[in-house]
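Source file: data_19.txt. Holds: compact mmCIF, N, CA and C atoms.
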```txt
# COMPACT_ATOMS: atom_id res chain seq x y z
N MET A 1 -98.79 -87.45 72.45
CA MET A 1 -98.01 -88.22 71.51
C MET A 1 -98.94 -89.21 70.82
N THR A 2 -98.87 -89.24 69.49
CA THR A 2 -99.65 -90.17 68.71
C THR A 2 -98.85 -91.44 68.51
N LYS A 3 -99.48 -92.57 68.71
CA LYS A 3 -98.78 -93.85 68.54
C LYS A 3 -98.91 -94.34 67.10
N CYS A 4 -97.78 -94.77 66.55
CA CYS A 4 -97.77 -95.35 65.22
C CYS A 4 -98.05 -96.83 65.31
N SER A 5 -98.18 -97.46 64.15
CA SER A 5 -98.42 -98.89 64.14
C SER A 5 -97.24 -99.62 64.78
N ALA A 6 -97.53 -100.72 65.44
CA ALA A 6 -96.50 -101.48 66.14
C ALA A 6 -95.49 -102.07 65.16
N GLU A 7 -95.85 -102.20 63.90
CA GLU A 7 -94.96 -102.80 62.92
C GLU A 7 -93.89 -101.84 62.43
N ASN A 8 -93.97 -100.56 62.72
CA ASN A 8 -93.05 -99.60 62.15
C ASN A 8 -92.07 -99.08 63.18
N CYS A 9 -90.87 -99.66 63.21
CA CYS A 9 -89.88 -99.25 64.19
C CYS A 9 -89.30 -97.88 63.86
N VAL A 10 -89.27 -97.48 62.58
CA VAL A 10 -88.77 -96.15 62.22
C VAL A 10 -89.67 -95.08 62.81
N CYS A 11 -90.97 -95.27 62.68
CA CYS A 11 -91.93 -94.32 63.23
C CYS A 11 -91.76 -94.21 64.75
N GLU A 12 -91.65 -95.35 65.40
CA GLU A 12 -91.46 -95.36 66.85
C GLU A 12 -90.18 -94.65 67.26
N ALA A 13 -89.10 -94.86 66.52
CA ALA A 13 -87.83 -94.20 66.83
C ALA A 13 -87.94 -92.69 66.68
N VAL A 14 -88.60 -92.23 65.61
CA VAL A 14 -88.75 -90.78 65.39
C VAL A 14 -89.65 -90.19 66.47
N GLU A 15 -90.69 -90.91 66.89
CA GLU A 15 -91.52 -90.43 68.00
C GLU A 15 -90.68 -90.26 69.27
N ASN A 16 -89.81 -91.23 69.55
CA ASN A 16 -88.95 -91.14 70.73
C ASN A 16 -87.99 -89.96 70.64
N ILE A 17 -87.42 -89.74 69.47
CA ILE A 17 -86.53 -88.59 69.26
C ILE A 17 -87.30 -87.30 69.50
N HIS A 18 -88.51 -87.21 68.95
CA HIS A 18 -89.33 -86.01 69.11
C HIS A 18 -89.63 -85.75 70.58
N ASP A 19 -89.98 -86.80 71.31
CA ASP A 19 -90.26 -86.66 72.74
C ASP A 19 -89.02 -86.17 73.50
N LEU A 20 -87.87 -86.72 73.19
CA LEU A 20 -86.63 -86.30 73.87
C LEU A 20 -86.30 -84.84 73.56
N GLN A 21 -86.43 -84.46 72.29
CA GLN A 21 -86.16 -83.06 71.92
C GLN A 21 -87.12 -82.12 72.64
N ASN A 22 -88.39 -82.48 72.70
CA ASN A 22 -89.37 -81.63 73.39
C ASN A 22 -89.07 -81.54 74.88
N ALA A 23 -88.65 -82.62 75.49
CA ALA A 23 -88.32 -82.60 76.91
C ALA A 23 -87.13 -81.69 77.19
N ILE A 24 -86.17 -81.69 76.29
CA ILE A 24 -84.99 -80.84 76.46
C ILE A 24 -85.36 -79.38 76.28
N GLU A 25 -86.24 -79.09 75.31
CA GLU A 25 -86.61 -77.71 75.01
C GLU A 25 -87.46 -77.08 76.09
N GLU A 26 -88.29 -77.88 76.76
CA GLU A 26 -89.21 -77.32 77.74
C GLU A 26 -88.47 -76.87 78.99
N GLU A 27 -88.85 -75.71 79.46
CA GLU A 27 -88.29 -75.20 80.70
C GLU A 27 -89.25 -75.57 81.82
N GLY A 28 -88.85 -76.46 82.67
CA GLY A 28 -89.70 -76.91 83.76
C GLY A 28 -89.12 -76.48 85.08
N CYS A 29 -89.55 -77.16 86.11
CA CYS A 29 -89.04 -76.88 87.45
C CYS A 29 -87.60 -77.35 87.55
N PRO A 30 -86.72 -76.55 88.11
CA PRO A 30 -85.32 -76.95 88.22
C PRO A 30 -85.11 -78.14 89.15
N THR A 31 -86.09 -78.45 89.99
CA THR A 31 -85.94 -79.57 90.91
C THR A 31 -86.71 -80.80 90.45
N SER A 32 -87.21 -80.78 89.22
CA SER A 32 -87.96 -81.91 88.69
C SER A 32 -87.06 -83.14 88.58
N CYS A 33 -87.66 -84.32 88.68
CA CYS A 33 -86.91 -85.56 88.47
C CYS A 33 -86.28 -85.58 87.09
N PHE A 34 -86.96 -85.01 86.11
CA PHE A 34 -86.46 -85.03 84.75
C PHE A 34 -85.30 -84.07 84.53
N SER A 35 -85.22 -83.01 85.29
CA SER A 35 -84.15 -82.05 85.07
C SER A 35 -82.78 -82.67 85.29
N ASN A 36 -82.64 -83.51 86.30
CA ASN A 36 -81.36 -84.16 86.53
C ASN A 36 -81.03 -85.16 85.44
N LEU A 37 -82.04 -85.86 84.94
CA LEU A 37 -81.80 -86.83 83.88
C LEU A 37 -81.43 -86.17 82.57
N LEU A 38 -82.01 -85.02 82.28
CA LEU A 38 -81.79 -84.36 81.01
C LEU A 38 -80.66 -83.35 81.03
N SER A 39 -80.13 -83.01 82.18
CA SER A 39 -79.12 -81.96 82.22
C SER A 39 -77.90 -82.27 81.36
N PRO A 40 -77.43 -83.52 81.26
CA PRO A 40 -76.32 -83.75 80.33
C PRO A 40 -76.73 -83.47 78.89
N SER A 41 -77.97 -83.75 78.53
CA SER A 41 -78.44 -83.52 77.16
C SER A 41 -78.59 -82.04 76.86
N ARG A 42 -78.86 -81.24 77.86
CA ARG A 42 -79.00 -79.80 77.63
C ARG A 42 -77.73 -79.21 77.04
N HIS A 43 -76.61 -79.75 77.43
CA HIS A 43 -75.33 -79.25 76.91
C HIS A 43 -75.12 -79.67 75.46
N LEU A 44 -75.87 -80.65 75.00
CA LEU A 44 -75.74 -81.13 73.63
C LEU A 44 -76.69 -80.41 72.69
N GLY A 45 -77.56 -79.57 73.20
CA GLY A 45 -78.50 -78.84 72.36
C GLY A 45 -79.85 -79.50 72.30
N ASP A 46 -80.66 -79.05 71.34
CA ASP A 46 -82.05 -79.50 71.26
C ASP A 46 -82.33 -80.36 70.03
N THR A 47 -81.28 -80.89 69.42
CA THR A 47 -81.46 -81.64 68.18
C THR A 47 -80.75 -82.99 68.23
N ILE A 48 -81.48 -84.02 67.88
CA ILE A 48 -80.89 -85.34 67.68
C ILE A 48 -80.94 -85.59 66.18
N PRO A 49 -79.81 -85.42 65.49
CA PRO A 49 -79.82 -85.61 64.04
C PRO A 49 -79.92 -87.09 63.68
N PHE A 50 -80.51 -87.36 62.52
CA PHE A 50 -80.62 -88.75 62.08
C PHE A 50 -80.66 -88.83 60.56
N ILE A 51 -80.44 -90.07 60.08
CA ILE A 51 -80.50 -90.41 58.67
C ILE A 51 -81.58 -91.47 58.50
N LEU A 52 -82.40 -91.34 57.46
CA LEU A 52 -83.41 -92.34 57.13
C LEU A 52 -82.92 -93.15 55.93
N TYR A 53 -83.20 -94.45 55.94
CA TYR A 53 -82.78 -95.32 54.84
C TYR A 53 -83.99 -95.88 54.11
N THR A 54 -83.87 -95.93 52.78
CA THR A 54 -84.93 -96.45 51.93
C THR A 54 -84.87 -97.99 51.91
N SER A 55 -85.82 -98.59 51.22
CA SER A 55 -85.86 -100.05 51.13
C SER A 55 -84.67 -100.62 50.36
N LYS A 56 -83.95 -99.77 49.63
CA LYS A 56 -82.76 -100.21 48.90
C LYS A 56 -81.49 -99.95 49.71
N SER A 57 -81.64 -99.70 51.01
CA SER A 57 -80.50 -99.45 51.92
C SER A 57 -79.70 -98.21 51.55
N LYS A 58 -80.35 -97.25 50.92
CA LYS A 58 -79.70 -96.00 50.55
C LYS A 58 -80.24 -94.89 51.44
N PRO A 59 -79.38 -93.93 51.84
CA PRO A 59 -79.88 -92.79 52.60
C PRO A 59 -80.88 -91.98 51.76
N PHE A 60 -81.95 -91.56 52.41
CA PHE A 60 -82.95 -90.71 51.78
C PHE A 60 -82.37 -89.31 51.61
N VAL A 61 -82.43 -88.78 50.39
CA VAL A 61 -81.87 -87.46 50.08
C VAL A 61 -83.01 -86.46 49.87
N ALA A 62 -82.87 -85.28 50.48
CA ALA A 62 -83.83 -84.19 50.28
C ALA A 62 -83.05 -82.94 49.85
N PHE A 63 -83.77 -81.99 49.27
CA PHE A 63 -83.14 -80.78 48.74
C PHE A 63 -83.70 -79.54 49.42
N GLY A 64 -82.81 -78.60 49.70
CA GLY A 64 -83.21 -77.33 50.32
C GLY A 64 -82.81 -76.16 49.45
N ASN A 65 -83.58 -75.09 49.56
CA ASN A 65 -83.33 -73.83 48.84
C ASN A 65 -83.30 -74.05 47.33
N VAL A 66 -84.22 -74.86 46.84
CA VAL A 66 -84.32 -75.10 45.40
C VAL A 66 -84.62 -73.79 44.70
N GLY A 67 -83.89 -73.48 43.66
CA GLY A 67 -84.04 -72.21 42.95
C GLY A 67 -83.31 -71.07 43.62
N GLU A 68 -82.66 -71.37 44.74
CA GLU A 68 -81.89 -70.38 45.50
C GLU A 68 -82.70 -69.11 45.74
N LEU A 69 -83.94 -69.29 46.21
CA LEU A 69 -84.81 -68.15 46.47
C LEU A 69 -84.48 -67.45 47.78
N GLN A 70 -83.73 -68.12 48.65
CA GLN A 70 -83.25 -67.50 49.88
C GLN A 70 -81.74 -67.39 49.80
N ALA A 71 -81.14 -66.65 50.71
CA ALA A 71 -79.69 -66.51 50.72
C ALA A 71 -79.06 -67.89 50.90
N GLY A 72 -78.01 -68.15 50.18
CA GLY A 72 -77.31 -69.43 50.28
C GLY A 72 -77.58 -70.31 49.08
N PRO A 73 -76.82 -71.38 48.99
CA PRO A 73 -76.93 -72.27 47.83
C PRO A 73 -78.06 -73.27 47.96
N CYS A 74 -78.44 -73.85 46.83
CA CYS A 74 -79.29 -75.03 46.84
C CYS A 74 -78.41 -76.16 47.37
N PHE A 75 -78.98 -77.05 48.18
CA PHE A 75 -78.17 -78.12 48.76
C PHE A 75 -78.97 -79.40 48.85
N SER A 76 -78.25 -80.50 48.94
CA SER A 76 -78.87 -81.79 49.19
C SER A 76 -78.41 -82.25 50.56
N THR A 77 -79.25 -83.05 51.21
CA THR A 77 -78.88 -83.52 52.54
C THR A 77 -79.51 -84.88 52.81
N VAL A 78 -78.87 -85.61 53.69
CA VAL A 78 -79.42 -86.87 54.20
C VAL A 78 -79.65 -86.77 55.70
N PHE A 79 -79.50 -85.56 56.26
CA PHE A 79 -79.57 -85.34 57.70
C PHE A 79 -80.81 -84.54 58.07
N PHE A 80 -81.50 -85.00 59.14
CA PHE A 80 -82.78 -84.40 59.50
C PHE A 80 -82.92 -84.23 61.00
N ARG A 81 -83.86 -83.31 61.35
CA ARG A 81 -84.30 -83.10 62.73
C ARG A 81 -85.82 -83.19 62.69
N VAL A 82 -86.43 -83.98 63.57
CA VAL A 82 -87.88 -84.07 63.58
C VAL A 82 -88.45 -82.82 64.26
N GLU A 83 -89.44 -82.22 63.61
CA GLU A 83 -90.12 -81.04 64.16
C GLU A 83 -91.49 -81.40 64.70
N ASN A 84 -92.17 -82.33 64.00
CA ASN A 84 -93.51 -82.72 64.42
C ASN A 84 -93.79 -84.11 63.87
N ILE A 85 -94.64 -84.85 64.57
CA ILE A 85 -95.03 -86.17 64.10
C ILE A 85 -96.49 -86.41 64.46
N ASP A 86 -97.24 -86.94 63.49
CA ASP A 86 -98.65 -87.24 63.71
C ASP A 86 -99.00 -88.47 62.89
N ASP A 87 -99.26 -89.58 63.58
CA ASP A 87 -99.69 -90.81 62.93
C ASP A 87 -98.72 -91.27 61.83
N CYS A 88 -97.46 -91.28 62.15
CA CYS A 88 -96.36 -91.72 61.27
C CYS A 88 -96.09 -90.78 60.10
N CYS A 89 -96.70 -89.62 60.07
CA CYS A 89 -96.33 -88.57 59.12
C CYS A 89 -95.54 -87.53 59.91
N ALA A 90 -94.37 -87.19 59.41
CA ALA A 90 -93.48 -86.30 60.17
C ALA A 90 -93.08 -85.09 59.35
N THR A 91 -92.92 -83.98 60.06
CA THR A 91 -92.29 -82.79 59.49
C THR A 91 -90.84 -82.85 59.91
N LEU A 92 -89.95 -82.88 58.92
CA LEU A 92 -88.52 -82.96 59.20
C LEU A 92 -87.83 -81.69 58.73
N ARG A 93 -87.00 -81.14 59.59
CA ARG A 93 -86.17 -79.99 59.23
C ARG A 93 -84.90 -80.51 58.57
N LEU A 94 -84.53 -79.91 57.45
CA LEU A 94 -83.31 -80.30 56.77
C LEU A 94 -82.10 -79.71 57.49
N LEU A 95 -81.09 -80.53 57.69
CA LEU A 95 -79.83 -80.10 58.29
C LEU A 95 -78.79 -80.05 57.17
N ILE A 96 -78.13 -78.92 57.03
CA ILE A 96 -77.11 -78.78 55.99
C ILE A 96 -75.77 -79.27 56.56
N ALA A 97 -75.02 -79.98 55.72
CA ALA A 97 -73.77 -80.59 56.17
C ALA A 97 -72.56 -79.86 55.60
N PHE A 98 -71.53 -79.71 56.43
CA PHE A 98 -70.28 -79.07 56.04
C PHE A 98 -69.11 -79.99 56.36
N ASP A 99 -68.05 -79.89 55.57
CA ASP A 99 -66.82 -80.60 55.92
C ASP A 99 -66.00 -79.71 56.85
N ASP A 100 -64.81 -80.14 57.22
CA ASP A 100 -64.02 -79.36 58.19
C ASP A 100 -63.44 -78.08 57.59
N ASN A 101 -63.61 -77.86 56.28
CA ASN A 101 -63.19 -76.61 55.63
C ASN A 101 -64.38 -75.69 55.36
N ARG A 102 -65.52 -75.98 55.97
CA ARG A 102 -66.77 -75.20 55.83
C ARG A 102 -67.34 -75.26 54.42
N ARG A 103 -67.02 -76.31 53.66
CA ARG A 103 -67.57 -76.53 52.34
C ARG A 103 -68.88 -77.31 52.50
N VAL A 104 -69.94 -76.84 51.80
CA VAL A 104 -71.23 -77.53 51.84
C VAL A 104 -71.07 -78.86 51.10
N LEU A 105 -71.51 -79.93 51.74
CA LEU A 105 -71.39 -81.26 51.15
C LEU A 105 -72.62 -81.58 50.29
N ASP A 106 -72.40 -82.34 49.23
CA ASP A 106 -73.44 -82.71 48.27
C ASP A 106 -73.63 -84.22 48.32
N PHE A 107 -74.85 -84.67 48.56
CA PHE A 107 -75.12 -86.10 48.70
C PHE A 107 -75.87 -86.70 47.54
N THR A 108 -75.92 -85.99 46.40
CA THR A 108 -76.53 -86.57 45.21
C THR A 108 -75.49 -87.45 44.52
N GLU A 109 -75.91 -88.61 44.10
CA GLU A 109 -75.05 -89.54 43.37
C GLU A 109 -73.75 -89.84 44.12
N ASP A 110 -73.82 -89.91 45.45
CA ASP A 110 -72.65 -90.25 46.28
C ASP A 110 -71.43 -89.36 46.03
N LYS A 111 -71.67 -88.09 45.69
CA LYS A 111 -70.55 -87.18 45.43
C LYS A 111 -69.66 -87.05 46.66
N ASP A 112 -70.26 -86.76 47.79
CA ASP A 112 -69.51 -86.66 49.04
C ASP A 112 -69.91 -87.83 49.92
N LYS A 113 -69.05 -88.22 50.78
CA LYS A 113 -69.31 -89.34 51.68
C LYS A 113 -69.85 -88.84 53.00
N ILE A 114 -70.74 -89.61 53.59
CA ILE A 114 -71.32 -89.24 54.87
C ILE A 114 -70.24 -89.06 55.93
N CYS A 115 -69.19 -89.84 55.82
CA CYS A 115 -68.10 -89.74 56.81
C CYS A 115 -67.31 -88.45 56.71
N ASP A 116 -67.49 -87.66 55.63
CA ASP A 116 -66.81 -86.38 55.48
C ASP A 116 -67.44 -85.27 56.32
N VAL A 117 -68.59 -85.54 56.91
CA VAL A 117 -69.33 -84.51 57.65
C VAL A 117 -68.59 -84.14 58.93
N PHE A 118 -68.38 -82.84 59.08
CA PHE A 118 -67.77 -82.32 60.30
C PHE A 118 -68.80 -81.58 61.15
N ARG A 119 -69.75 -80.91 60.48
CA ARG A 119 -70.70 -80.04 61.16
C ARG A 119 -72.05 -80.10 60.46
N LEU A 120 -73.13 -80.05 61.25
CA LEU A 120 -74.48 -79.93 60.74
C LEU A 120 -75.10 -78.65 61.29
N GLU A 121 -75.89 -77.98 60.45
CA GLU A 121 -76.60 -76.78 60.90
C GLU A 121 -78.07 -76.90 60.53
N LYS A 122 -78.93 -76.42 61.42
CA LYS A 122 -80.36 -76.37 61.11
C LYS A 122 -80.59 -75.36 60.00
N THR A 123 -81.58 -75.64 59.15
CA THR A 123 -81.98 -74.70 58.11
C THR A 123 -83.45 -74.34 58.34
N SER A 124 -83.97 -73.47 57.51
CA SER A 124 -85.39 -73.10 57.60
C SER A 124 -86.24 -73.96 56.66
N PHE A 125 -85.66 -74.99 56.06
CA PHE A 125 -86.37 -75.83 55.10
C PHE A 125 -86.86 -77.11 55.76
N CYS A 126 -88.13 -77.43 55.49
CA CYS A 126 -88.73 -78.64 56.05
C CYS A 126 -89.41 -79.44 54.95
N ILE A 127 -89.55 -80.73 55.21
CA ILE A 127 -90.29 -81.61 54.32
C ILE A 127 -91.26 -82.44 55.15
N GLU A 128 -92.29 -82.95 54.49
CA GLU A 128 -93.26 -83.84 55.12
C GLU A 128 -92.98 -85.24 54.57
N VAL A 129 -92.87 -86.23 55.45
CA VAL A 129 -92.61 -87.60 55.01
C VAL A 129 -93.54 -88.58 55.70
N ASP A 130 -93.80 -89.67 55.01
CA ASP A 130 -94.52 -90.80 55.58
C ASP A 130 -93.45 -91.76 56.09
N LEU A 131 -93.34 -91.89 57.39
CA LEU A 131 -92.28 -92.70 57.98
C LEU A 131 -92.43 -94.19 57.69
N GLU A 132 -93.61 -94.62 57.27
CA GLU A 132 -93.80 -96.02 56.92
C GLU A 132 -93.09 -96.39 55.62
N CYS A 133 -92.58 -95.39 54.90
CA CYS A 133 -91.87 -95.63 53.64
C CYS A 133 -90.38 -95.94 53.85
N PHE A 134 -89.91 -95.89 55.08
CA PHE A 134 -88.48 -96.10 55.36
C PHE A 134 -88.27 -97.40 56.12
N CYS A 135 -87.10 -98.00 55.89
CA CYS A 135 -86.79 -99.30 56.49
C CYS A 135 -85.83 -99.21 57.66
N ALA A 136 -85.09 -98.12 57.77
CA ALA A 136 -84.11 -98.01 58.85
C ALA A 136 -83.87 -96.54 59.19
N ILE A 137 -83.38 -96.34 60.40
CA ILE A 137 -83.02 -95.00 60.87
C ILE A 137 -81.70 -95.12 61.62
N GLU A 138 -80.84 -94.12 61.45
CA GLU A 138 -79.57 -94.08 62.17
C GLU A 138 -79.49 -92.75 62.91
N CYS A 139 -79.44 -92.81 64.23
CA CYS A 139 -79.29 -91.60 65.02
C CYS A 139 -77.81 -91.22 65.08
N LEU A 140 -77.56 -89.92 65.07
CA LEU A 140 -76.18 -89.42 65.08
C LEU A 140 -75.91 -88.64 66.36
N ASN A 141 -74.66 -88.39 66.60
CA ASN A 141 -74.25 -87.66 67.79
C ASN A 141 -74.74 -86.22 67.73
N PRO A 142 -75.46 -85.74 68.74
CA PRO A 142 -75.92 -84.34 68.76
C PRO A 142 -74.78 -83.32 68.72
N LYS A 143 -73.57 -83.74 69.05
CA LYS A 143 -72.42 -82.83 69.01
C LYS A 143 -72.08 -82.36 67.61
N LEU A 144 -72.64 -83.00 66.58
CA LEU A 144 -72.42 -82.56 65.20
C LEU A 144 -73.10 -81.23 64.91
N ILE A 145 -74.14 -80.90 65.66
CA ILE A 145 -74.88 -79.66 65.44
C ILE A 145 -74.01 -78.48 65.88
N ASN A 146 -73.75 -77.57 64.91
CA ASN A 146 -72.97 -76.35 65.16
C ASN A 146 -71.60 -76.62 65.77
N ARG A 147 -71.01 -77.74 65.43
CA ARG A 147 -69.67 -78.11 65.91
C ARG A 147 -68.65 -77.07 65.44
N SER A 148 -67.76 -76.68 66.33
CA SER A 148 -66.79 -75.65 65.97
C SER A 148 -65.35 -76.16 65.92
N ASN A 149 -65.05 -77.24 66.61
CA ASN A 149 -63.67 -77.75 66.54
C ASN A 149 -63.63 -79.22 66.78
```

Representation of the structure as structure tokens:
Amino acid sequence: MTKCSAENCVCEAVENIHDLQNAIEEEGCPTSCFSNLLSPSRHLGDTIPFILYTSKSKPFVAFGNVGELQAGPCFSTVFFRVENIDDCCATLRLLIAFDDNRRVLDFTEDKDKICDVFRLEKTSFCIEVDLECFCAIECLNPKLINRSN
């Protein structure tokens, strides 16, 4: 694990999320001290979704499937999963958001509200970000990932 500057709490939070996700994903000894601590998290999956906030207190918006080159629509999202982190630069996987009617939500110009989110799904789209550019992070309930009811 690479340590970020002590002044950047967003970087530190994303590092902690990355470490937790990696611990959940790794298959270790079933009698390890960590297996008992992480077993409740195993039922929640391998993703801790989060939102990053800019210096203007606005959620950071990213776009996936621009040009619709893959199956599915172009979408905007404010929800991410950390894939990798190195010296406060992170690879974030975009999570696509749906309402309870399976409609893809749009977060450009506040079209849809964050509170309308019922389900998040991992996508194959990633972005690289400098975590020192963000002022706040909000972690979300892992139960939002692939929620069915």

Within 12 Å of (-75.7, -87.4, 67.8) (coordinates as in the file), grab all the protein and nucleic acid residues, counting only C-alpha atoms, and write them out as a PyMOL selection string.
chain A and resi 17+41+44-51+79-81+119-120+138-147

Could you please determine the separation between atom N of A:Asn101 and atom N of A:Thr54 in Å, to one decimal place?
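Taking atom N of A:Asn101 as the start and atom N of A:Thr54 as the end point, the length is 27.4 Å.
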
Between A:Glu83, A:Glu132, A:Asn149, A:Gly67, which residue has the minimum interatomic distance to A:Asn8, considering only N, CA and C atoms?
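Nearest to A:Asn8: A:Glu132.
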
Got a sec: who's within 7 Å of A:Phe125, counting all atoms listed in the file, leaving out chain neighbours fewer than 3 positions off, as a PDB file with N, CA and C atoms, keeping the file's coordinate frame?
```pdb
ATOM      1  N   GLY A  64     -82.810 -78.600  49.700  1.00  0.00           N
ATOM      2  CA  GLY A  64     -83.210 -77.330  50.320  1.00  0.00           C
ATOM      3  C   GLY A  64     -82.810 -76.160  49.450  1.00  0.00           C
ATOM      4  N   ASN A  65     -83.580 -75.090  49.560  1.00  0.00           N
ATOM      5  CA  ASN A  65     -83.330 -73.830  48.840  1.00  0.00           C
ATOM      6  C   ASN A  65     -83.300 -74.050  47.330  1.00  0.00           C
ATOM      7  N   LEU A  92     -89.950 -82.880  58.920  1.00  0.00           N
ATOM      8  CA  LEU A  92     -88.520 -82.960  59.200  1.00  0.00           C
ATOM      9  C   LEU A  92     -87.830 -81.690  58.730  1.00  0.00           C
ATOM     10  N   ARG A  93     -87.000 -81.140  59.590  1.00  0.00           N
ATOM     11  CA  ARG A  93     -86.170 -79.990  59.230  1.00  0.00           C
ATOM     12  C   ARG A  93     -84.900 -80.510  58.570  1.00  0.00           C
ATOM     13  N   LEU A  94     -84.530 -79.910  57.450  1.00  0.00           N
ATOM     14  CA  LEU A  94     -83.310 -80.300  56.770  1.00  0.00           C
ATOM     15  C   LEU A  94     -82.100 -79.710  57.490  1.00  0.00           C
ATOM     16  N   LEU A  95     -81.090 -80.530  57.690  1.00  0.00           N
ATOM     17  CA  LEU A  95     -79.830 -80.100  58.290  1.00  0.00           C
ATOM     18  C   LEU A  95     -78.790 -80.050  57.170  1.00  0.00           C
ATOM     19  N   LYS A 122     -78.930 -76.420  61.420  1.00  0.00           N
ATOM     20  CA  LYS A 122     -80.360 -76.370  61.110  1.00  0.00           C
ATOM     21  C   LYS A 122     -80.590 -75.360  60.000  1.00  0.00           C
TER      22      LYS A 122
END
```

In Å, how far is it from atom CA of A:Gly72 to atom CA of A:Asp100?
18.4 Å

If I take atom N of A:Phe118 and atom C of A:Asp19, how far is one from the other in Å, to one decimal?
25.4 Å

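Counting all atoms listed in the file, the residue from A:Phe98, A:Phe134, A:Phe60, A:Tyr53 that sits nearest to A:Thr77 is A:Phe60.
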
Centre and edges of the stretch 12-16 of chain A box, axis-aligned, 4 Å extra per side, as lines of an AutoDock Vina configuration file:
```
center_x = -89.7
center_y = -92.7
center_z = 68.1
size_x = 11.8
size_y = 13.4
size_z = 13.3
```

Can you list, as a list in words, every protein, DNA or RNA residue that comes within 8 Å of A:Val10 when you count all atoms listed in the file, leaving out same-chain residues fewer than 3 positions away?
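Once the nearby chain positions are removed, what remains is Glu7, Ala13, Val14, Glu15, Asn16, Cys88, Leu131, Glu132, Phe134, Cys135, Ala136 and Ile137 of chain A.
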
Strand (DSSP E) residues, from DSSP on the backbone, in stretch 54-136 of chain A, as number ranges by chain:
A: 62-64, 75-77, 79-86, 89-98, 119-130, 136

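Proximity ranking of A:Gln21, A:Lys58, A:Ile96, A:Cys89 relative to A:Glu121 places A:Ile96 first, based on all atoms listed in the file.
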
May I ask which of the residues A:Val82, A:Ala90, A:Cys9, A:Ile114 is the closest one to A:Val129, counting only C-alpha atoms?
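Closest residue, counting only C-alpha atoms: A:Ala90.
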
Determine the nearest neighbour of A:Asp87 from the options A:Ala23, A:Ala62, A:Asp130, A:Glu109, counting only C-alpha atoms.
A:Asp130

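Proximity ranking of A:Ser76, A:Glu68, A:Asp86, A:Ser55 relative to A:Val104 places A:Ser76 first, based on all atoms listed in the file.
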